[in-house]
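structure-v3.cif follows (mmCIF, C-alpha atoms (C1' of nucleotides)):
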```cif
data_target
loop_
_atom_site.label_atom_id
_atom_site.label_comp_id
_atom_site.auth_asym_id
_atom_site.auth_seq_id
_atom_site.Cartn_x
_atom_site.Cartn_y
_atom_site.Cartn_z
CA MET A 284 -10.10 -18.29 32.90
CA SER A 285 -12.92 -20.68 32.15
CA PRO A 286 -12.42 -23.09 35.01
CA THR A 287 -12.96 -26.78 34.63
CA GLN A 288 -12.68 -26.50 30.90
CA GLY A 289 -10.94 -29.66 29.95
CA THR A 290 -10.51 -29.02 26.25
CA ALA A 291 -7.70 -26.71 27.22
CA THR A 292 -6.81 -24.74 24.13
CA PRO A 293 -3.05 -25.01 24.06
CA ASP A 294 -2.53 -21.31 23.50
CA ARG A 295 1.21 -21.06 23.60
CA SER A 296 1.22 -17.40 24.49
CA ALA A 297 -2.30 -17.46 25.82
CA ARG A 298 -2.82 -14.04 24.34
CA ALA A 299 -3.07 -13.67 20.58
CA ALA A 300 -6.67 -13.46 19.45
CA ARG A 301 -7.83 -14.32 15.97
CA LEU A 302 -7.87 -11.47 13.56
CA THR A 303 -10.66 -10.55 11.23
CA ARG A 304 -9.86 -10.03 7.60
CA ALA A 305 -10.21 -6.30 7.95
CA GLN A 306 -7.91 -6.18 10.95
CA ARG A 307 -5.33 -8.29 9.22
CA THR A 308 -5.37 -6.10 6.14
CA ALA A 309 -5.10 -2.96 8.25
CA LEU A 310 -2.10 -4.37 10.09
CA LEU A 311 -0.35 -5.42 6.92
CA LYS A 312 -0.94 -2.04 5.35
CA ALA A 313 0.40 -0.31 8.38
CA LEU A 314 3.52 -2.45 8.36
CA ALA A 315 4.08 -2.22 4.63
CA ASP A 316 5.49 1.28 4.78
CA PRO A 317 9.24 1.28 5.45
CA LYS A 318 9.24 4.40 7.58
CA ARG A 319 6.41 3.08 9.64
CA PHE A 320 8.12 -0.22 10.15
CA GLU A 321 11.26 1.53 11.19
CA LEU A 322 9.27 3.55 13.66
CA LEU A 323 7.78 0.40 15.08
CA GLU A 324 11.25 -1.08 15.37
CA ARG A 325 12.35 1.95 17.33
CA ILE A 326 9.45 1.61 19.67
CA ALA A 327 10.15 -2.07 20.13
CA LYS A 328 13.84 -1.60 20.78
CA SER A 329 13.35 1.00 23.43
CA SER A 330 12.58 -0.74 26.68
CA CYS A 331 10.36 2.11 27.82
CA PRO A 332 7.67 3.81 25.79
CA LEU A 333 9.25 6.02 23.21
CA GLY A 334 8.73 9.77 23.01
CA CYS A 335 7.74 11.30 19.74
CA THR A 336 10.66 13.68 19.62
CA ASN A 337 13.01 10.79 19.91
CA ALA A 338 11.26 9.05 17.09
CA ARG A 339 11.34 12.08 14.86
CA GLU A 340 15.07 12.44 15.11
CA ALA A 341 15.54 8.80 14.30
CA LEU A 342 13.36 8.85 11.23
CA ALA A 343 14.24 12.26 9.86
CA ILE A 344 10.77 13.24 8.79
CA ALA A 345 8.61 16.29 9.30
CA PRO A 346 6.45 16.44 12.41
CA ALA A 347 3.30 16.29 10.36
CA THR A 348 4.44 13.12 8.70
CA LEU A 349 5.35 11.50 11.97
CA SER A 350 1.97 12.35 13.37
CA HIS A 351 0.38 10.76 10.35
CA HIS A 352 2.33 7.55 10.75
CA ILE A 353 1.65 7.35 14.45
CA LYS A 354 -2.03 7.59 13.81
CA GLU A 355 -1.79 4.82 11.24
CA LEU A 356 -0.01 2.54 13.67
CA GLN A 357 -2.49 3.40 16.35
CA THR A 358 -5.69 2.94 14.39
CA SER A 359 -4.41 -0.30 12.99
CA GLY A 360 -4.01 -1.47 16.55
CA LEU A 361 -0.26 -1.95 16.57
CA ILE A 362 0.67 0.56 19.22
CA ASP A 363 -0.68 2.31 22.25
CA VAL A 364 -0.27 6.03 22.68
CA ARG A 365 -0.16 7.37 26.17
CA ARG A 366 -0.38 11.06 26.68
CA GLU A 367 1.56 12.59 29.50
CA GLY A 368 1.35 16.32 29.63
CA LYS A 369 3.09 17.75 26.65
CA PHE A 370 4.47 14.46 25.44
CA HIS A 371 3.15 11.33 23.84
CA PHE A 372 4.66 7.98 24.56
CA LEU A 373 4.45 5.10 22.19
CA SER A 374 4.48 1.45 23.09
CA ILE A 375 3.83 -1.75 21.23
CA LYS A 376 0.51 -3.35 21.90
CA PRO A 377 1.27 -6.86 23.02
CA GLY A 378 -0.14 -9.82 21.18
CA VAL A 379 -1.06 -8.11 17.96
CA LEU A 380 2.10 -8.91 16.07
CA ASP A 381 1.92 -12.45 17.37
CA ALA A 382 -1.61 -12.78 16.10
CA LEU A 383 -0.59 -11.51 12.70
CA ALA A 384 2.41 -13.80 12.56
CA ALA A 385 0.22 -16.74 13.43
CA SER A 386 -2.22 -15.71 10.75
CA LEU A 387 0.57 -15.73 8.21
CA GLN A 388 2.00 -19.01 9.31
CA SER A 389 -1.36 -20.67 9.07
CA LEU A 390 -1.09 -20.13 5.34
CA SER A 391 2.28 -21.70 5.05
CA PRO A 392 2.33 -25.24 3.72
CA THR A 393 5.34 -25.98 5.88
CA SER A 394 3.26 -25.53 8.99
CA CYS A 395 2.34 -29.17 8.57
CA PRO A 396 5.76 -30.77 8.32
CA GLY A 397 4.37 -34.28 8.34
CA ARG A 398 3.64 -34.09 4.67
CA MET B 112 25.53 -30.27 5.71
CA SER B 113 28.58 -28.14 6.22
CA PRO B 114 30.80 -30.87 7.65
CA THR B 115 32.82 -30.32 10.75
CA GLN B 116 31.07 -27.09 11.47
CA GLY B 117 30.70 -27.14 15.18
CA THR B 118 29.03 -23.78 15.67
CA ALA B 119 25.82 -25.35 14.46
CA THR B 120 23.34 -22.56 13.89
CA PRO B 121 20.29 -23.75 15.79
CA ASP B 122 17.86 -23.08 12.96
CA ARG B 123 14.67 -24.36 14.45
CA SER B 124 12.99 -25.02 11.15
CA ALA B 125 16.26 -25.14 9.28
CA ARG B 126 14.59 -23.30 6.46
CA ALA B 127 13.54 -19.71 7.00
CA ALA B 128 16.34 -17.38 6.02
CA ARG B 129 16.63 -13.88 7.38
CA LEU B 130 14.98 -11.27 5.29
CA THR B 131 16.49 -8.02 4.21
CA ARG B 132 14.56 -4.87 4.83
CA ALA B 133 13.68 -4.57 1.18
CA GLN B 134 12.44 -8.13 1.02
CA ARG B 135 10.37 -7.71 4.09
CA THR B 136 8.78 -4.54 2.78
CA ALA B 137 8.04 -6.18 -0.54
CA LEU B 138 6.38 -9.10 1.16
CA LEU B 139 4.28 -6.91 3.39
CA LYS B 140 3.18 -4.78 0.47
CA ALA B 141 2.24 -7.82 -1.50
CA LEU B 142 0.20 -9.17 1.39
CA ALA B 143 -1.45 -5.86 2.21
CA ASP B 144 -3.86 -6.02 -0.69
CA PRO B 145 -7.03 -7.92 0.24
CA LYS B 146 -7.54 -9.49 -3.15
CA ARG B 147 -3.96 -10.63 -3.25
CA PHE B 148 -4.19 -12.10 0.19
CA GLU B 149 -7.32 -13.93 -0.77
CA LEU B 150 -5.55 -15.27 -3.80
CA LEU B 151 -2.73 -16.50 -1.63
CA GLU B 152 -5.22 -18.15 0.67
CA ARG B 153 -6.73 -19.95 -2.27
CA ILE B 154 -3.35 -21.18 -3.35
CA ALA B 155 -2.55 -22.32 0.15
CA LYS B 156 -5.82 -24.14 0.63
CA SER B 157 -5.55 -26.12 -2.55
CA SER B 158 -3.33 -29.08 -1.91
CA CYS B 159 -2.02 -29.04 -5.46
CA PRO B 160 -0.77 -26.02 -7.35
CA LEU B 161 -3.69 -23.87 -8.33
CA GLY B 162 -4.61 -23.04 -11.91
CA CYS B 163 -5.19 -19.45 -12.88
CA THR B 164 -8.66 -20.05 -14.19
CA ASN B 165 -9.65 -21.50 -10.89
CA ALA B 166 -8.29 -18.49 -9.12
CA ARG B 167 -10.05 -16.08 -11.38
CA GLU B 168 -13.43 -17.55 -10.72
CA ALA B 169 -12.81 -17.44 -7.00
CA LEU B 170 -11.78 -13.81 -6.95
CA ALA B 171 -14.17 -12.41 -9.53
CA ILE B 172 -11.71 -10.08 -11.18
CA ALA B 173 -10.70 -9.42 -14.76
CA PRO B 174 -7.94 -11.55 -16.24
CA ALA B 175 -5.68 -8.56 -16.55
CA THR B 176 -6.03 -7.81 -12.87
CA LEU B 177 -5.34 -11.37 -11.88
CA SER B 178 -2.24 -11.41 -14.00
CA HIS B 179 -1.08 -8.27 -12.29
CA HIS B 180 -1.58 -9.71 -8.83
CA ILE B 181 0.12 -12.94 -9.70
CA LYS B 182 3.16 -11.05 -10.84
CA GLU B 183 3.20 -9.10 -7.60
CA LEU B 184 3.08 -12.26 -5.53
CA GLN B 185 5.76 -13.78 -7.67
CA THR B 186 8.22 -10.93 -7.70
CA SER B 187 7.83 -10.48 -3.98
CA GLY B 188 8.88 -14.08 -3.62
CA LEU B 189 5.70 -15.46 -2.12
CA ILE B 190 4.72 -17.90 -4.80
CA ASP B 191 6.17 -20.04 -7.54
CA VAL B 192 4.62 -20.10 -10.97
CA ARG B 193 5.05 -23.21 -13.00
CA ARG B 194 4.07 -23.12 -16.62
CA GLU B 195 2.61 -26.22 -18.15
CA GLY B 196 1.53 -25.78 -21.71
CA LYS B 197 -1.37 -23.42 -21.83
CA PHE B 198 -1.80 -23.21 -18.09
CA HIS B 199 0.02 -21.66 -15.20
CA PHE B 200 0.05 -23.28 -11.81
CA LEU B 201 0.60 -21.37 -8.64
CA SER B 202 2.12 -22.68 -5.45
CA ILE B 203 3.29 -21.16 -2.23
CA LYS B 204 7.01 -20.86 -1.85
CA PRO B 205 7.89 -22.62 1.34
CA GLY B 206 9.67 -20.82 4.13
CA VAL B 207 8.96 -17.29 3.05
CA LEU B 208 5.88 -16.72 5.15
CA ASP B 209 7.65 -18.33 8.06
CA ALA B 210 10.55 -15.97 7.67
CA LEU B 211 8.23 -13.01 7.60
CA ALA B 212 6.31 -14.22 10.61
CA ALA B 213 9.55 -14.64 12.51
CA SER B 214 10.60 -11.18 11.50
CA LEU B 215 7.40 -9.78 12.92
CA GLN B 216 7.58 -11.73 16.12
CA SER B 217 11.07 -10.56 16.75
CA LEU B 218 9.58 -7.12 17.23
CA SER B 219 7.04 -8.27 19.69
CA PRO B 220 7.92 -7.56 23.32
CA THR B 221 6.24 -10.81 24.31
CA SER B 222 8.76 -12.78 22.33
CA CYS B 223 11.09 -12.61 25.29
CA PRO B 224 8.96 -13.94 28.09
CA GLY B 225 11.84 -13.98 30.54
CA ARG B 226 11.60 -10.27 31.02
"C1'" DT C 10 -4.02 -23.54 -41.34
"C1'" DA C 11 -7.64 -21.64 -38.74
"C1'" DA C 12 -10.18 -21.34 -34.56
"C1'" DT C 13 -10.01 -21.35 -29.64
"C1'" DC C 14 -8.63 -20.67 -25.21
"C1'" DA C 15 -5.16 -19.07 -21.40
"C1'" DA C 16 -2.65 -15.56 -20.01
"C1'" DT C 17 0.04 -11.21 -20.74
"C1'" DT C 18 0.87 -6.52 -22.14
"C1'" DC C 19 -0.66 -1.90 -23.06
"C1'" DG C 20 -2.96 2.40 -22.08
"C1'" DA C 21 -5.94 4.89 -19.41
"C1'" DT C 22 -8.53 6.14 -15.26
"C1'" DA C 23 -9.76 6.58 -10.44
"C1'" DG C 24 -8.55 6.19 -5.86
"C1'" DT C 25 -5.05 5.99 -2.32
"C1'" DT C 26 -1.25 7.60 0.27
"C1'" DG C 27 3.38 9.60 1.71
"C1'" DC C 28 5.04 13.88 2.26
"C1'" DC C 29 5.45 18.60 3.58
"C1'" DG C 30 4.61 23.70 4.96
"C1'" DA C 31 1.64 26.54 7.35
"C1'" DA C 32 -1.67 27.29 10.69
"C1'" DA C 33 -4.01 25.66 14.83
"C1'" DT C 34 -4.35 23.36 19.36
"C1'" DG C 35 -2.75 22.37 23.77
"C1'" DT C 36 0.56 22.27 27.64
"C1'" DC C 37 4.13 23.93 30.47
"C1'" DG C 38 7.16 27.38 32.68
"C1'" DA C 39 8.39 32.31 33.46
"C1'" DT D 52 -0.69 36.30 30.75
"C1'" DC D 53 2.86 35.36 27.49
"C1'" DG D 54 6.16 32.82 25.01
"C1'" DA D 55 8.20 28.36 23.95
"C1'" DC D 56 7.59 23.86 22.74
"C1'" DA D 57 5.05 19.32 21.27
"C1'" DT D 58 1.82 17.60 18.44
"C1'" DT D 59 -2.17 17.78 15.28
"C1'" DT D 60 -4.99 19.36 11.55
"C1'" DC D 61 -5.47 21.23 7.02
"C1'" DG D 62 -4.62 21.75 2.06
"C1'" DG D 63 -2.27 20.32 -1.62
"C1'" DC D 64 1.06 17.99 -4.52
"C1'" DA D 65 3.29 13.95 -6.46
"C1'" DA D 66 3.87 9.17 -6.80
"C1'" DC D 67 1.95 4.83 -6.70
"C1'" DT D 68 -1.41 1.22 -7.68
"C1'" DA D 69 -5.76 -1.45 -8.35
"C1'" DT D 70 -8.71 -1.90 -11.93
"C1'" DC D 71 -10.39 -2.64 -16.47
"C1'" DG D 72 -11.08 -3.05 -21.84
"C1'" DA D 73 -8.74 -3.96 -25.86
"C1'" DA D 74 -5.13 -5.85 -28.38
"C1'" DT D 75 -1.41 -9.40 -28.30
"C1'" DT D 76 1.24 -13.66 -27.62
"C1'" DG D 77 1.42 -18.50 -27.33
"C1'" DA D 78 -0.20 -23.25 -27.13
"C1'" DT D 79 -3.76 -26.68 -28.20
"C1'" DT D 80 -7.11 -28.80 -31.18
"C1'" DA D 81 -10.14 -29.25 -35.18
#
```
Could you write out this structure as structure tokens?
Amino acid sequence: MSPTQGTATPDRSARAARLTRAQRTALLKALADPKRFELLERIAKSSCPLGCTNAREALAIAPATLSHHIKELQTSGLIDVRREGKFHFLSIKPGVLDALAASLQSLSPTSCPGR
Amino acid sequence: MSPTQGTATPDRSARAARLTRAQRTALLKALADPKRFELLERIAKSSCPLGCTNAREALAIAPATLSHHIKELQTSGLIDVRREGKFHFLSIKPGVLDALAASLQSLSPTSCPGR
DNA sequence: TAATCAATTCGATAGTTGCCGAAATGTCGA
DNA sequence: TCGACATTTCGGCAACTATCGAATTGATTA
């Protein structure tokens, strides 16, 4: 967008927005739980949106717990939940993890290899 | 290094090692606390290793709490603590944040733009 | 040696959160 | 409509942790 804008921000992925502190903290908290991370991995690995039942078998947790974790991932902004009849399908929200990764790398002293 | 090794692992930054699950979780937990993240930011922003007293004033927390957070950052592997007489100096451990960022991006569906 | 300052350890408290069983909600098929 | 199934909500328990004040350790300086 923004035609004729010469200062062309060299957005490599042209997608990841800057995160607020609160968003960043929420994302990190959501990722900091092993079960939740594993769930996210499952979702990522499956090429299509993942069904909850599938996820539950993989994680070996009670339905209530899975529901809790899904909500955490959703409210933190990491995943999208699409409802289709009886089922819910989970998919990774694009760009968010990239934004977080960028936010982490901006802290790293090695990000400026010149010195 | 590793002479005559032809299979040359194409480590882009030639630094970030792969993280184990446990390491990754520890790092995420350490980063998920706002005060701790702020502390890390302070350390990163200061070009030289940061003194504890400096950090304490910036964060407005009790010495005991700061000590606790420093230990968390240290045991998770995010920072180095160098002792010099009466003072402790904190510095970011290079490569770790990069490794974590890479680990996050590997989950992202956008990381494989070909498909 | 004594006083001082930096930082840690200890003990306690308050708040958070992962987890589950049981009950409720909602959707589909018979 | 009824029963089966997917998912959520509710209540509660147990474990963890951020926080602090007070006491302690350790190094510097008077």
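You can rank A:Gly368, A:Ala347, A:Ala341, A:Ile362 by their closest distance to chain B using only C-alpha atoms, and at the top of that list sits A:Ile362.
Straight-line separation from atom CA of Leu218 of chain B to atom CA of Leu323 of chain A: 8.0 Å.
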*Could you list the residues chosen by the PyMOL selection byres ((chain D and resi 72) around 10) in this structure as a PyMOL selection string?*
(chain B and resi 173+175) or (chain C and resi 20-21) or (chain D and resi 71+73-74)
_Proximal residues of chain D relative to chain A (all atoms listed in the file; 9 Å) as an NGL selection string_ = :D and (56-60)
Could you list the residues in chain C lying within 9 Å of chain A, using all atoms listed in the file, and format the result as a PDB file with C-alpha atoms (C1' of nucleotides), in the frame of the given file?
```
ATOM      1  C1'  DG C  27       3.380   9.600   1.710  1.00  0.00           C
ATOM      2  C1'  DC C  28       5.040  13.880   2.260  1.00  0.00           C
ATOM      3  C1'  DC C  29       5.450  18.600   3.580  1.00  0.00           C
ATOM      4  C1'  DG C  35      -2.750  22.370  23.770  1.00  0.00           C
ATOM      5  C1'  DT C  36       0.560  22.270  27.640  1.00  0.00           C
ATOM      6  C1'  DC C  37       4.130  23.930  30.470  1.00  0.00           C
TER       7       DC C  37
END
```
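Taking atom CA of Gln216 of chain B and atom CA of Pro377 of chain A as the two end points, the separation is 10.5 Å.
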*Residues of chain B no more than 6 Å from chain A, counting only C-alpha atoms: send them over as a VMD selection string.*
chain B and resid 136 139 to 140 143 155 209 212 216 218
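What separates atom CA of Asn165 of chain B from atom CA of Leu201 of chain B is a distance of 10.5 Å.
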*Expand the PyMOL selection byres ((chain C and resi 39) around 9) into the individual residues it matches in the shown file, reporting them as a PyMOL selection string.*
(chain C and resi 38) or (chain D and resi 53-54)
Write the selection just made, keeping C-alpha atoms (C1' of nucleotides), as a short mmCIF file (atom, residue, chain, number, x, y, z; two decimals), keeping the file's coordinate frame?
```
data_model
loop_
_atom_site.label_atom_id
_atom_site.label_comp_id
_atom_site.auth_asym_id
_atom_site.auth_seq_id
_atom_site.Cartn_x
_atom_site.Cartn_y
_atom_site.Cartn_z
"C1'" DG C 38 7.16 27.38 32.68
"C1'" DC D 53 2.86 35.36 27.49
"C1'" DG D 54 6.16 32.82 25.01
#
```
*For the structure shown, which residues end up in the PyMOL selection byres ((chain C and resi 13) around 10)? Put them as a VMD selection string, please?*
(chain C and resid 11 to 12 14 to 15) or (chain D and resid 79 to 81)
Where's the centre, and what are the edge lengths in Å to one decimal, of a box along x, y and z enclosing all listed atoms of segment 175-182 of chain B padded 5 Å per side, as JSON?
```
{"center_x": -1.4, "center_y": -10.4, "center_z": -12.7, "size_x": 19.2, "size_y": 15.1, "size_z": 17.7}
```
*Can you find the residues with an atom no farther than 9 Å from (-3.5, 20.8, 5.3), counting all atoms listed in the file, and report them as a ChimeraX atom specification?*
/C:30-32 /D:60-63
